[in-house]
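Visitor: This structure is in structure tokens; I'll ask about it shortly.
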Amino acid sequence: MPVFQLVDQMVFPDPNQANEDGLLAIGGDLSTERLLTAYKAGVFPWFNEGEQILWWSPNPRFVLFPNELTVSKSLKKEIRKKNFKITYNTAFEQVIDYCANIKRKDQQGTWITAAMREAYINLHKQGHAISVEAWRGDQLVGGLYGMSIGKMYFGESMFSLMSNASKVAFVQLVKKLKEERFRLIDCQVYTEHLESFGARMIPREKFLNQLMINEREREVEEGK
């Protein structure tokens, strides 16, 4: 499959035309309009500093359905201790900075470039990007951020400075999304960590169908 070069128009090729690695297109920009168009189409940006913007639509897609959340006995015990205070959207910039700078096993550098940081802060200011924070006292010790569109949440990154901090934040988020009847959480690509919470692979076709239903319902709710 060819990799498409994006132009000024705010459209993406059919995600089913991505290559076997999931790469669909290159170029474009990180404007709010283009990013929202991308997520609604089942596409997300992922690239390193100094590279052209790369847009992905992997097959299969790694997702978590909120009603399939799995929490280990040890984590349930940790949650009951109430060692962390969980908040939403109180420290978005701090969360994304920690996500960008935290050292990760088998990973050099970060894909959260300066341009990505600015783009998602703009999305947050417009109510599209959501952060979840875990606090120990007045110290931010864990958290995550992602995109919320209609009844779908698109996870981007998480960090933890203290054992279980981001796990507790994630569980509380999933429970909140379940209460609000969210369809699914897009985890994008496989990680053993999220698999332990019940995330699983689904065919891209099924993921795109969920997106289509979500968009129709969102438009009805907004009276479009």
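Residues in the structure tokens are numbered from 1 in each chain, the chains being A, B, ... in the order shown, and ligands are numbered from 1 in the order shown.
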Give me the residues of stretch 106-188 of chain A that have any atom at most 9 Å from an atom of stretch 216-222 of chain A; for each, the nearest atom pair and the distance in Å, rounded to one decimal. Use only C-alpha atoms, sort by chain and number, and format it as CSV.
Guide:
residue,atom,partner,partner_atom,distance
A:Ile149,CA,A:Arg218,CA,8.2
A:Gly150,CA,A:Arg218,CA,5.2
A:Lys151,CA,A:Arg218,CA,7.8
Visitor: Enumerate the residues of stretch 15-77 of chain A with a DSSP assignment of alpha helix (DSSP H), computed from the backbone, and present them as a PyMOL selection string.
Guide: chain A and resi 32-41+73-77
Visitor: Would you tabulate, counting only C-alpha atoms, all residues of stretch 9-91 of chain A that have an atom at most 10 Å from an atom of stretch 110-132 of chain A, showing the closest pair of atoms and their distance in Å to one decimal, sorted by chain then ascending number, as JSON lines?
Guide:
{"residue": "A:Asp29", "atom": "CA", "partner": "A:Ala115", "partner_atom": "CA", "distance": 9.4}
{"residue": "A:Leu30", "atom": "CA", "partner": "A:Ala119", "partner_atom": "CA", "distance": 6.0}
{"residue": "A:Ser31", "atom": "CA", "partner": "A:Ala119", "partner_atom": "CA", "distance": 6.6}
{"residue": "A:Thr32", "atom": "CA", "partner": "A:Leu123", "partner_atom": "CA", "distance": 6.2}
{"residue": "A:Glu33", "atom": "CA", "partner": "A:Leu123", "partner_atom": "CA", "distance": 9.5}
{"residue": "A:Leu35", "atom": "CA", "partner": "A:Ala119", "partner_atom": "CA", "distance": 8.6}
{"residue": "A:Leu36", "atom": "CA", "partner": "A:His128", "partner_atom": "CA", "distance": 8.6}
{"residue": "A:Pro45", "atom": "CA", "partner": "A:Met116", "partner_atom": "CA", "distance": 8.9}
{"residue": "A:Trp46", "atom": "CA", "partner": "A:Trp111", "partner_atom": "CA", "distance": 6.6}
{"residue": "A:Phe47", "atom": "CA", "partner": "A:Trp111", "partner_atom": "CA", "distance": 5.7}
{"residue": "A:Asn48", "atom": "CA", "partner": "A:Trp111", "partner_atom": "CA", "distance": 4.8}
{"residue": "A:Glu49", "atom": "CA", "partner": "A:Thr113", "partner_atom": "CA", "distance": 5.7}
{"residue": "A:Gly50", "atom": "CA", "partner": "A:Thr113", "partner_atom": "CA", "distance": 9.0}
{"residue": "A:Ile53", "atom": "CA", "partner": "A:Met116", "partner_atom": "CA", "distance": 9.9}
{"residue": "A:Ile86", "atom": "CA", "partner": "A:Val132", "partner_atom": "CA", "distance": 7.0}
{"residue": "A:Thr87", "atom": "CA", "partner": "A:Val132", "partner_atom": "CA", "distance": 5.8}
{"residue": "A:Tyr88", "atom": "CA", "partner": "A:Val132", "partner_atom": "CA", "distance": 4.6}
{"residue": "A:Asn89", "atom": "CA", "partner": "A:Ser131", "partner_atom": "CA", "distance": 4.9}
{"residue": "A:Thr90", "atom": "CA", "partner": "A:Ser131", "partner_atom": "CA", "distance": 7.6}
{"residue": "A:Ala91", "atom": "CA", "partner": "A:Ser131", "partner_atom": "CA", "distance": 7.3}
Visitor: Would you please extract all strand (DSSP E or B) residues from stretch 12-95 of chain A, as assigned by DSSP on the backbone, and give them as a list in words?
Guide: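 Everything in stretch 12-95 of chain A that counts as strand (DSSP E or B) is Leu23, Leu24, Ala25, Ile26, Phe44, Pro45, Leu54, Trp55, Trp56, Arg61, Phe62, Val63, Leu64, Lys85, Ile86, Thr87 and Tyr88 of chain A.
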Visitor: Of the candidates A:Met158, A:Lys76, A:Ala134, A:Asn164, which shows the shortest atom-to-atom distance to A:Asp97, using only C-alpha atoms?
Guide: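 Nearest candidate to A:Asp97 out of A:Met158, A:Lys76, A:Ala134, A:Asn164: A:Met158.
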Visitor: Find the residues around A:Phe159 up to 7 Å (only C-alpha atoms counted), leave out those fewer than 5 positions away in its own chain, and share them as a compact mmCIF listing (two decimals) with C-alpha atoms, in the first residue's frame.
Guide:
# COMPACT_ATOMS: atom_id res chain seq x y z
CA TYR A 98 5.91 14.43 32.74
CA CYS A 99 4.72 12.07 29.99
CA ILE A 102 9.73 10.34 32.04
CA GLY A 142 1.03 10.13 38.28
CA GLY A 143 -1.45 10.75 35.52
CA LEU A 144 -2.49 10.37 31.92
CA SER A 166 -1.00 6.03 37.17
Visitor: Which residues, written as a list in words, have at least one atom at most 8 Å from stretch 183-195 of chain A, with only C-alpha atoms counted and residues fewer than 6 positions away on the same chain left out?
Guide: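 Neighbouring residues, sequence-local ones excluded: Pro58, Arg61, Phe62, Val63, Leu64, Phe65, Pro66, Lys151, Met152, Tyr153, Phe154, Gly155, Glu156, Met201, Gln210 and Asn214 of chain A.
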Visitor: Using C-alpha atoms, can you write the selected residues to a file as a PDB file, in the first residue's frame?
Guide:
ATOM      1  CA  PRO A  58      -3.093   0.077  12.728  1.00  0.00           C
ATOM      2  CA  ARG A  61      -6.543  -1.932  16.919  1.00  0.00           C
ATOM      3  CA  PHE A  62      -5.843  -2.225  20.641  1.00  0.00           C
ATOM      4  CA  VAL A  63      -8.851  -1.082  22.690  1.00  0.00           C
ATOM      5  CA  LEU A  64     -10.453  -1.410  26.104  1.00  0.00           C
ATOM      6  CA  PHE A  65     -14.214  -1.672  26.467  1.00  0.00           C
ATOM      7  CA  PRO A  66     -15.028  -0.043  29.849  1.00  0.00           C
ATOM      8  CA  LYS A 151     -18.533   8.612  23.808  1.00  0.00           C
ATOM      9  CA  MET A 152     -15.018   7.512  22.877  1.00  0.00           C
ATOM     10  CA  TYR A 153     -11.780   8.226  24.718  1.00  0.00           C
ATOM     11  CA  PHE A 154      -8.467   8.098  22.852  1.00  0.00           C
ATOM     12  CA  GLY A 155      -5.596   7.446  25.245  1.00  0.00           C
ATOM     13  CA  GLU A 156      -2.283   9.115  24.480  1.00  0.00           C
ATOM     14  CA  MET A 201      -7.133  -6.379  19.851  1.00  0.00           C
ATOM     15  CA  GLN A 210     -17.609   2.029  16.436  1.00  0.00           C
ATOM     16  CA  ASN A 214     -20.118   7.364  17.820  1.00  0.00           C
TER      17      ASN A 214
END
Visitor: Atom CA of A:Val168 and atom CA of A:Ile79, how far apart in Å?
Guide: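 If I compute the distance from atom CA of A:Ile79 to atom CA of A:Val168, I get 6.4 Å.
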Visitor: Quick one: residues within 10 Å of A:Lys175, only C-alpha atoms counted, chain neighbours fewer than 6 positions away excluded, as an MDAnalysis selection string?
Guide: chainID A and resid 66:67 69 181:182
Visitor: Keeping only C-alpha atoms, take the residues you just selected and write them out as a PDB file, in the first residue's frame.
Guide:
ATOM      1  CA  PRO A  66     -15.028  -0.043  29.849  1.00  0.00           C
ATOM      2  CA  ASN A  67     -17.226  -2.953  30.964  1.00  0.00           C
ATOM      3  CA  LEU A  69     -11.968  -3.565  32.838  1.00  0.00           C
ATOM      4  CA  ARG A 181     -21.627   5.015  28.949  1.00  0.00           C
ATOM      5  CA  PHE A 182     -18.545   5.506  26.821  1.00  0.00           C
TER       6      PHE A 182
END
Visitor: Which of these residues is nearest to A:Met147, using only C-alpha atoms: A:Tyr39, A:Met162, A:Leu211, A:Gly28?
Guide: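 Result for the nearest residue to A:Met147: A:Tyr39.
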